[in-house]
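Containing mmCIF, C-alpha atoms and all ligand atoms: start_0.cif.
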data_work
loop_
_atom_site.label_atom_id
_atom_site.label_comp_id
_atom_site.auth_asym_id
_atom_site.auth_seq_id
_atom_site.Cartn_x
_atom_site.Cartn_y
_atom_site.Cartn_z
CA MET A 1 -4.82 12.91 -33.48
CA SER A 2 -7.45 10.53 -32.25
CA ASP A 3 -10.40 11.47 -30.09
CA GLY A 4 -10.28 8.03 -28.52
CA THR A 5 -8.60 7.42 -25.20
CA LEU A 6 -5.38 5.59 -24.55
CA GLY A 7 -5.11 2.19 -22.92
CA TYR A 8 -2.34 -0.20 -21.95
CA ASP A 9 -1.75 -3.96 -21.83
CA VAL A 10 1.15 -5.93 -20.41
CA PHE A 11 2.72 -9.10 -21.78
CA VAL A 12 4.71 -11.05 -19.20
CA SER A 13 7.34 -13.45 -20.53
CA ASP A 14 7.30 -16.16 -17.86
CA PRO A 15 10.38 -17.06 -15.77
CA PHE A 16 12.71 -19.02 -18.02
CA PRO A 17 15.59 -21.45 -17.51
CA GLN A 18 19.21 -21.05 -18.48
CA THR A 19 20.84 -23.67 -20.63
CA ILE A 20 23.33 -24.38 -17.81
CA PRO A 21 21.80 -26.88 -15.37
CA GLY A 22 21.98 -26.78 -11.59
CA LEU A 23 20.04 -25.45 -8.64
CA LEU A 24 20.19 -22.36 -6.46
CA PRO A 25 21.37 -22.78 -2.83
CA ASN A 26 17.74 -22.99 -1.70
CA GLY A 27 17.12 -25.89 -4.09
CA GLU A 28 15.13 -23.89 -6.67
CA PRO A 29 15.85 -24.18 -10.39
CA ARG A 30 17.79 -21.28 -11.89
CA LEU A 31 15.00 -19.33 -13.53
CA PHE A 32 15.46 -15.79 -14.76
CA ALA A 33 12.84 -13.34 -13.51
CA PRO A 34 9.70 -12.71 -15.60
CA LEU A 35 9.99 -9.85 -18.12
CA SER A 36 7.21 -7.30 -18.66
CA THR A 37 6.58 -5.71 -22.03
CA THR A 38 3.97 -2.94 -22.15
CA LEU A 39 1.82 -1.87 -25.10
CA ILE A 40 0.34 1.62 -24.81
CA HIS A 41 -2.32 1.94 -27.45
CA GLY A 42 -4.60 4.55 -28.98
CA ARG A 43 -7.28 4.13 -31.61
CA ASP A 44 -4.91 3.28 -34.47
CA ASP A 45 -1.34 3.51 -33.17
CA ALA A 46 0.64 1.96 -30.35
CA VAL A 47 3.99 2.21 -28.52
CA LEU A 48 5.84 -0.78 -27.06
CA VAL A 49 8.02 -0.49 -23.94
CA ASP A 50 10.90 -2.84 -23.03
CA PRO A 51 10.95 -5.75 -25.48
CA PRO A 52 12.21 -9.03 -23.99
CA LEU A 53 15.54 -10.89 -24.16
CA LEU A 54 15.22 -14.04 -26.27
CA THR A 55 14.26 -14.53 -29.92
CA ASP A 56 11.39 -16.86 -28.96
CA GLN A 57 10.05 -14.35 -26.44
CA ALA A 58 10.15 -11.61 -29.09
CA LYS A 59 8.17 -13.83 -31.46
CA ALA A 60 5.44 -14.25 -28.82
CA VAL A 61 5.45 -10.54 -27.98
CA GLY A 62 5.32 -9.65 -31.68
CA ASP A 63 2.33 -11.93 -32.28
CA TRP A 64 0.59 -10.35 -29.28
CA VAL A 65 1.28 -6.85 -30.65
CA GLU A 66 -0.01 -7.90 -34.06
CA ALA A 67 -3.20 -9.25 -32.51
CA HIS A 68 -3.97 -5.75 -31.21
CA GLY A 69 -4.26 -4.60 -34.83
CA LYS A 70 -2.53 -1.24 -34.27
CA ARG A 71 0.36 0.41 -36.07
CA LEU A 72 3.47 0.25 -33.86
CA THR A 73 5.22 3.61 -34.10
CA HIS A 74 7.89 3.44 -31.37
CA ILE A 75 9.69 0.99 -29.12
CA PHE A 76 10.84 2.70 -25.94
CA ILE A 77 13.71 1.34 -23.81
CA THR A 78 13.77 2.27 -20.11
CA HIS A 79 17.39 1.33 -19.35
CA GLY A 80 20.48 -0.37 -20.67
CA HIS A 81 20.19 -3.90 -19.21
CA GLY A 82 19.89 -6.43 -22.03
CA ASP A 83 16.83 -8.20 -20.61
CA HIS A 84 14.86 -5.05 -21.51
CA TRP A 85 15.97 -4.47 -25.07
CA PHE A 86 18.14 -7.09 -26.82
CA THR A 87 15.20 -7.96 -29.12
CA ALA A 88 14.39 -4.31 -29.89
CA ASP A 89 15.90 -4.36 -33.37
CA LEU A 90 14.13 -7.61 -34.25
CA LEU A 91 10.74 -6.14 -33.31
CA ALA A 92 11.51 -2.73 -34.79
CA LYS A 93 12.16 -4.39 -38.15
CA ARG A 94 9.04 -6.56 -37.93
CA PHE A 95 6.80 -3.54 -37.36
CA GLY A 96 8.74 -0.70 -38.96
CA ALA A 97 8.92 1.08 -35.58
CA GLN A 98 11.58 3.47 -34.30
CA VAL A 99 13.55 2.59 -31.16
CA VAL A 100 13.69 5.46 -28.64
CA ALA A 101 15.61 6.02 -25.38
CA SER A 102 17.31 8.79 -23.41
CA ALA A 103 20.85 9.75 -24.43
CA ASP A 104 22.35 8.22 -21.28
CA THR A 105 20.38 5.00 -21.72
CA ILE A 106 21.70 4.75 -25.27
CA THR A 107 25.24 4.98 -23.87
CA GLN A 108 24.39 2.19 -21.39
CA MET A 109 22.93 0.10 -24.24
CA HIS A 110 26.23 0.27 -26.10
CA GLY A 111 27.99 -1.02 -22.96
CA SER A 112 25.53 -3.91 -22.56
CA ALA A 113 25.80 -4.86 -26.23
CA ALA A 114 29.60 -4.89 -26.02
CA GLY A 115 29.54 -7.04 -22.87
CA ARG A 116 26.79 -9.48 -23.79
CA GLY A 117 29.17 -12.31 -24.66
CA ALA A 118 30.55 -12.34 -21.11
CA VAL A 119 27.16 -12.60 -19.46
CA TRP A 120 23.98 -13.08 -21.49
CA ASP A 121 25.24 -15.31 -24.28
CA LYS A 122 26.82 -17.64 -21.71
CA ALA A 123 23.43 -18.38 -20.22
CA TRP A 124 21.40 -18.41 -23.46
CA PRO A 125 23.82 -19.27 -26.28
CA GLY A 126 22.25 -18.79 -29.70
CA GLN A 127 18.93 -17.68 -28.22
CA ILE A 128 19.47 -13.91 -28.23
CA PRO A 129 19.24 -12.14 -31.60
CA PRO A 130 21.76 -9.59 -32.90
CA SER A 131 21.44 -6.44 -30.78
CA PRO A 132 22.68 -3.40 -32.72
CA VAL A 133 21.95 -0.16 -30.87
CA THR A 134 19.55 1.66 -33.20
CA ALA A 135 17.84 3.78 -30.52
CA VAL A 136 17.55 7.54 -31.02
CA THR A 137 16.73 10.34 -28.61
CA VAL A 138 13.62 12.52 -28.90
CA PRO A 139 13.62 16.32 -28.40
CA GLY A 140 12.99 17.28 -24.78
CA ASN A 141 12.62 13.57 -23.91
CA ARG A 142 9.02 13.69 -25.14
CA PHE A 143 7.16 11.97 -27.91
CA THR A 144 3.49 11.44 -28.58
CA LEU A 145 0.94 8.74 -29.26
CA GLU A 146 -1.97 10.15 -31.25
CA GLY A 147 -1.23 13.58 -29.86
CA ARG A 148 -0.94 12.50 -26.21
CA ASP A 149 2.32 13.06 -24.36
CA LEU A 150 4.68 10.24 -23.48
CA VAL A 151 7.35 11.69 -21.22
CA ILE A 152 10.75 10.11 -20.59
CA VAL A 153 11.75 10.89 -16.99
CA GLU A 154 15.42 10.42 -16.10
CA VAL A 155 15.73 9.10 -12.56
CA GLY A 156 19.45 8.30 -12.34
CA HIS A 157 20.70 5.12 -10.69
CA SER A 158 18.19 2.46 -9.65
CA ASP A 159 18.94 -1.22 -10.35
CA GLY A 160 21.43 0.01 -12.95
CA ASP A 161 22.93 3.30 -14.03
CA ASP A 162 21.19 6.12 -15.93
CA THR A 163 17.71 4.64 -15.77
CA THR A 164 14.46 6.20 -16.91
CA VAL A 165 10.71 5.66 -16.67
CA LEU A 166 7.96 6.51 -19.16
CA HIS A 167 5.21 8.71 -17.76
CA VAL A 168 1.83 8.58 -19.50
CA PRO A 169 -0.20 11.36 -17.86
CA ASP A 170 -3.40 10.45 -19.76
CA LEU A 171 -3.40 7.03 -18.11
CA ASP A 172 -2.03 8.00 -14.65
CA LEU A 173 0.58 5.43 -15.60
CA VAL A 174 4.32 5.07 -15.16
CA VAL A 175 6.07 2.28 -17.05
CA ALA A 176 8.96 1.98 -14.65
CA GLY A 177 11.47 -0.52 -16.02
CA ASP A 178 13.56 -1.66 -13.05
CA VAL A 179 13.10 1.44 -10.89
CA ILE A 180 10.10 -0.25 -9.28
CA TYR A 181 9.57 -3.99 -8.74
CA ASN A 182 6.39 -6.01 -8.25
CA GLY A 183 6.60 -9.26 -6.28
CA VAL A 184 10.05 -10.14 -7.67
CA HIS A 185 13.45 -9.99 -5.93
CA GLN A 186 15.23 -6.75 -6.86
CA TYR A 187 18.60 -6.67 -8.55
CA LEU A 188 21.11 -5.29 -6.04
CA GLY A 189 24.30 -6.27 -7.88
CA GLN A 190 25.04 -2.65 -8.87
CA SER A 191 23.90 -1.10 -5.59
CA MET A 192 27.22 -0.93 -3.73
CA GLY A 193 28.80 2.47 -3.04
CA GLY A 194 25.61 4.44 -2.34
CA GLY A 195 23.51 2.78 -5.02
CA ARG A 196 20.61 2.01 -2.72
CA ASP A 197 20.41 5.64 -1.57
CA ALA A 198 20.34 6.75 -5.20
CA TRP A 199 17.64 4.15 -5.87
CA ARG A 200 15.51 5.49 -2.99
CA GLN A 201 15.81 8.93 -4.57
CA ALA A 202 14.67 7.47 -7.90
CA ILE A 203 11.62 5.99 -6.18
CA GLU A 204 10.80 9.46 -4.82
CA THR A 205 11.05 10.88 -8.34
CA VAL A 206 8.50 8.33 -9.57
CA LYS A 207 6.27 9.01 -6.55
CA ALA A 208 6.28 12.74 -7.36
CA LEU A 209 4.67 11.93 -10.73
CA ASN A 210 1.69 10.76 -8.67
CA PRO A 211 0.80 7.72 -10.78
CA ARG A 212 -2.15 5.49 -10.02
CA TRP A 213 -0.63 2.55 -11.91
CA ILE A 214 2.95 1.35 -12.33
CA VAL A 215 4.07 -1.38 -14.70
CA THR A 216 7.35 -2.82 -13.46
CA GLY A 217 10.00 -4.41 -15.67
CA HIS A 218 9.80 -7.57 -13.58
CA LYS A 219 6.39 -8.42 -12.19
CA ASP A 220 4.56 -11.35 -10.71
CA LYS A 221 1.72 -11.51 -13.22
CA THR A 222 -0.77 -12.55 -10.55
CA LEU A 223 -0.41 -9.11 -8.90
CA ASP A 224 -2.03 -5.78 -9.87
CA ASP A 225 -0.23 -2.56 -10.88
CA ASP A 226 -1.24 -0.46 -7.85
CA ALA A 227 1.29 2.37 -7.63
CA ALA A 228 1.06 3.08 -3.90
CA ARG A 229 1.73 -0.54 -2.95
CA LEU A 230 4.64 -0.88 -5.38
CA LEU A 231 6.36 2.34 -4.31
CA THR A 232 6.20 1.21 -0.68
CA GLU A 233 7.30 -2.36 -1.32
CA THR A 234 10.24 -1.41 -3.54
CA ARG A 235 11.55 0.93 -0.85
CA GLU A 236 11.00 -1.67 1.91
CA TYR A 237 13.13 -4.14 -0.02
CA LEU A 238 16.05 -1.71 -0.15
CA ASP A 239 15.68 -0.90 3.55
CA ALA A 240 15.67 -4.60 4.42
CA ALA A 241 18.78 -5.16 2.30
CA ASP A 242 20.58 -2.38 4.20
CA GLU A 243 19.58 -3.92 7.52
CA LEU A 244 20.47 -7.51 6.63
CA LEU A 245 23.77 -6.59 4.96
CA GLN A 246 24.83 -5.29 8.39
CA LYS A 247 23.83 -8.50 10.13
CA HIS A 248 25.20 -11.14 7.77
CA ASP A 249 28.80 -11.99 6.95
CA THR A 250 28.36 -14.18 3.91
CA ALA A 251 26.49 -14.06 0.62
CA LEU A 252 24.69 -17.29 1.50
CA SER A 253 23.39 -16.13 4.88
CA PHE A 254 22.27 -12.81 3.36
CA PHE A 255 20.52 -14.70 0.54
CA ASN A 256 18.71 -16.93 3.03
CA ALA A 257 17.75 -14.00 5.25
CA MET A 258 16.25 -12.05 2.33
CA LEU A 259 14.25 -15.10 1.22
CA GLU A 260 12.95 -15.44 4.76
CA ARG A 261 12.11 -11.71 5.01
CA PHE A 262 10.17 -11.72 1.73
CA PRO A 263 8.30 -15.03 1.59
CA ASN A 264 5.73 -13.54 -0.80
CA ARG A 265 8.28 -12.69 -3.46
CA HIS A 266 8.14 -16.04 -5.18
CA LEU A 267 10.16 -14.97 -8.22
CA GLY A 268 13.69 -13.77 -8.90
CA ALA A 269 15.70 -15.90 -6.45
CA LEU A 270 18.35 -16.18 -9.19
CA THR A 271 18.59 -12.39 -9.20
CA LEU A 272 18.95 -12.37 -5.42
CA TRP A 273 21.71 -14.99 -5.50
CA SER A 274 23.59 -13.05 -8.18
CA SER A 275 23.18 -9.83 -6.19
CA SER A 276 24.32 -11.48 -2.96
CA GLN A 277 27.55 -12.69 -4.51
CA ALA A 278 28.29 -9.33 -6.14
CA LEU A 279 27.67 -7.45 -2.87
CA TYR A 280 29.85 -9.72 -0.72
CA ASN A 281 32.65 -9.99 -3.29
CA SER A 282 32.75 -6.21 -3.46
CA ARG A 283 33.31 -6.03 0.31
CA LYS A 284 36.69 -7.60 -0.30
CA HIS A 285 37.54 -5.38 -3.28
CA PRO A 286 35.26 -2.33 -3.23
CA GLU A 287 37.34 -0.60 -5.90
CA ASP A 288 36.07 -2.86 -8.64
CA ALA A 289 32.31 -2.90 -8.40
CA ARG A 290 31.75 -3.47 -12.10
CA ARG A 291 33.83 -6.63 -12.11
CA HIS A 292 31.90 -7.98 -9.10
CA MET A 293 28.62 -7.21 -10.81
CA LEU A 294 29.70 -9.26 -13.80
CA GLU A 295 31.12 -12.03 -11.63
CA GLY A 296 27.88 -12.10 -9.67
CA TRP A 297 26.12 -13.03 -12.87
CA VAL A 298 28.77 -15.28 -14.31
CA SER A 299 28.94 -17.26 -11.08
CA VAL A 300 25.22 -18.03 -11.20
CA TYR A 301 25.79 -19.50 -14.65
CA GLN A 302 28.16 -22.16 -13.36
CA PRO A 303 26.65 -25.59 -12.75
ZN ZN A 401 15.74 -6.11 -15.52
#
Kindly transcribe the structure held in the file into structure tokens.
Amino acid sequence: MSDGTLGYDVFVSDPFPQTIPGLLPNGEPRLFAPLSTTLIHGRDDAVLVDPPLLTDQAKAVGDWVEAHGKRLTHIFITHGHGDHWFTADLLAKRFGAQVVASADTITQMHGSAAGRGAVWDKAWPGQIPPSPVTAVTVPGNRFTLEGRDLVIVEVGHSDGDDTTVLHVPDLDLVVAGDVIYNGVHQYLGQSMGGGRDAWRQAIETVKALNPRWIVTGHKDKTLDDDAARLLTETREYLDAADELLQKHDTALSFFNAMLERFPNRHLGALTLWSSSQALYNSRKHPEDARRHMLEGWVSVYQP
């Protein structure tokens, strides 16, 4: 137990290209959204949340962690999407840390690991390290950093299934994974069939924790972590998607309308294009949402 106080720092892996060339319909390059990795630190120890996707990114994150000069005890994973954990084992081995997640997230991680060849490795062949699922649960979804509580809060569906956030009461902080977004287009490719209503409920669950700060899994690094703004903006994005999905008949016109509605979200257009295709394909075949989600991604990887 330390008598020092906790702090946190965020490393943002900048938007990064796929190996497959080509432009988005609006003429932008196909850049994946920035990835946030959070270090919560005490006097001697630290906990890392959501390691990045690529081997090179994990090297940079690892060097940044090392520069803090703390002992890394845990690596926490907020949800199963590979862009938030495929390098977890690499970093866990480098620092001798234990990977931690909720039971349902661990199930989702197994699904992502099994499916990575169809999606992630197509876009970044040879650039993602082996991703064995080594995560374990913690009793009562709680663990500690120098005696201070870190609480895993299960919020259900948000941009994927069975998602969680990490609440750090000492810091008035929620590390939110993809439940909350910050200046980046939100992933809607799994939001068909009531997913956006579930996501709004997840936002309310985070709001009830009354945080002052929220670190989002995808953030524009020029923006602050103000919780009130982010809760409002994340909800507004879902409301706008509901409205514009009613008004537009094609993925392309929905994509363009969302870009026009959110001119200040400069990042994540690739995510929006993938989402748009998944949502409109699923209108034709609503029974197979998972396939459309995958096709939404695979289609953005075609030149
Ligand atoms: Zn994500």
Of A:Thr163, A:Asn141, A:Gln57, A:Thr107, the one nearest to Thr78 of chain A when counting all atoms listed in the file is A:Thr163
Within 12 Å of ligand ZN 401 (chain A) (only C-alpha atoms and all ligand atoms), residues as a PyMOL selection string | chain A and resi 32-37+50-53+77-86+158-161+163+176-182+184-190+216-219+268+271
Leu231 of chain A: which residues within 7 Å, counting all atoms listed in the file, same-chain residues fewer than 3 positions away excluded, as a ChimeraX atom specification?
-> /A:180,203,227-228,234-235
Pull C-alpha atoms from the residues just selected and write them as a CSV table (one decimal), in the frame of the given file.
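Below is the file out-v4.csv, written as the result:
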chain,number,residue,atom,x,y,z
A,180,ILE,CA,10.1,-0.2,-9.3
A,203,ILE,CA,11.6,6.0,-6.2
A,227,ALA,CA,1.3,2.4,-7.6
A,228,ALA,CA,1.1,3.1,-3.9
A,234,THR,CA,10.2,-1.4,-3.5
A,235,ARG,CA,11.6,0.9,-0.8
Residues within 10 Å of Gly7 of chain A, all atoms listed in the file, excluding chain neighbours under 4 positions, as a PyMOL selection string = chain A and resi 39-43+46+170-171+173
Give me the residues within 8 Å of Leu244 of chain A as a ChimeraX atom specification, counting all atoms listed in the file and dropping any in the same chain fewer than 3 places off.
-> /A:240-241,247-248,254,257-258
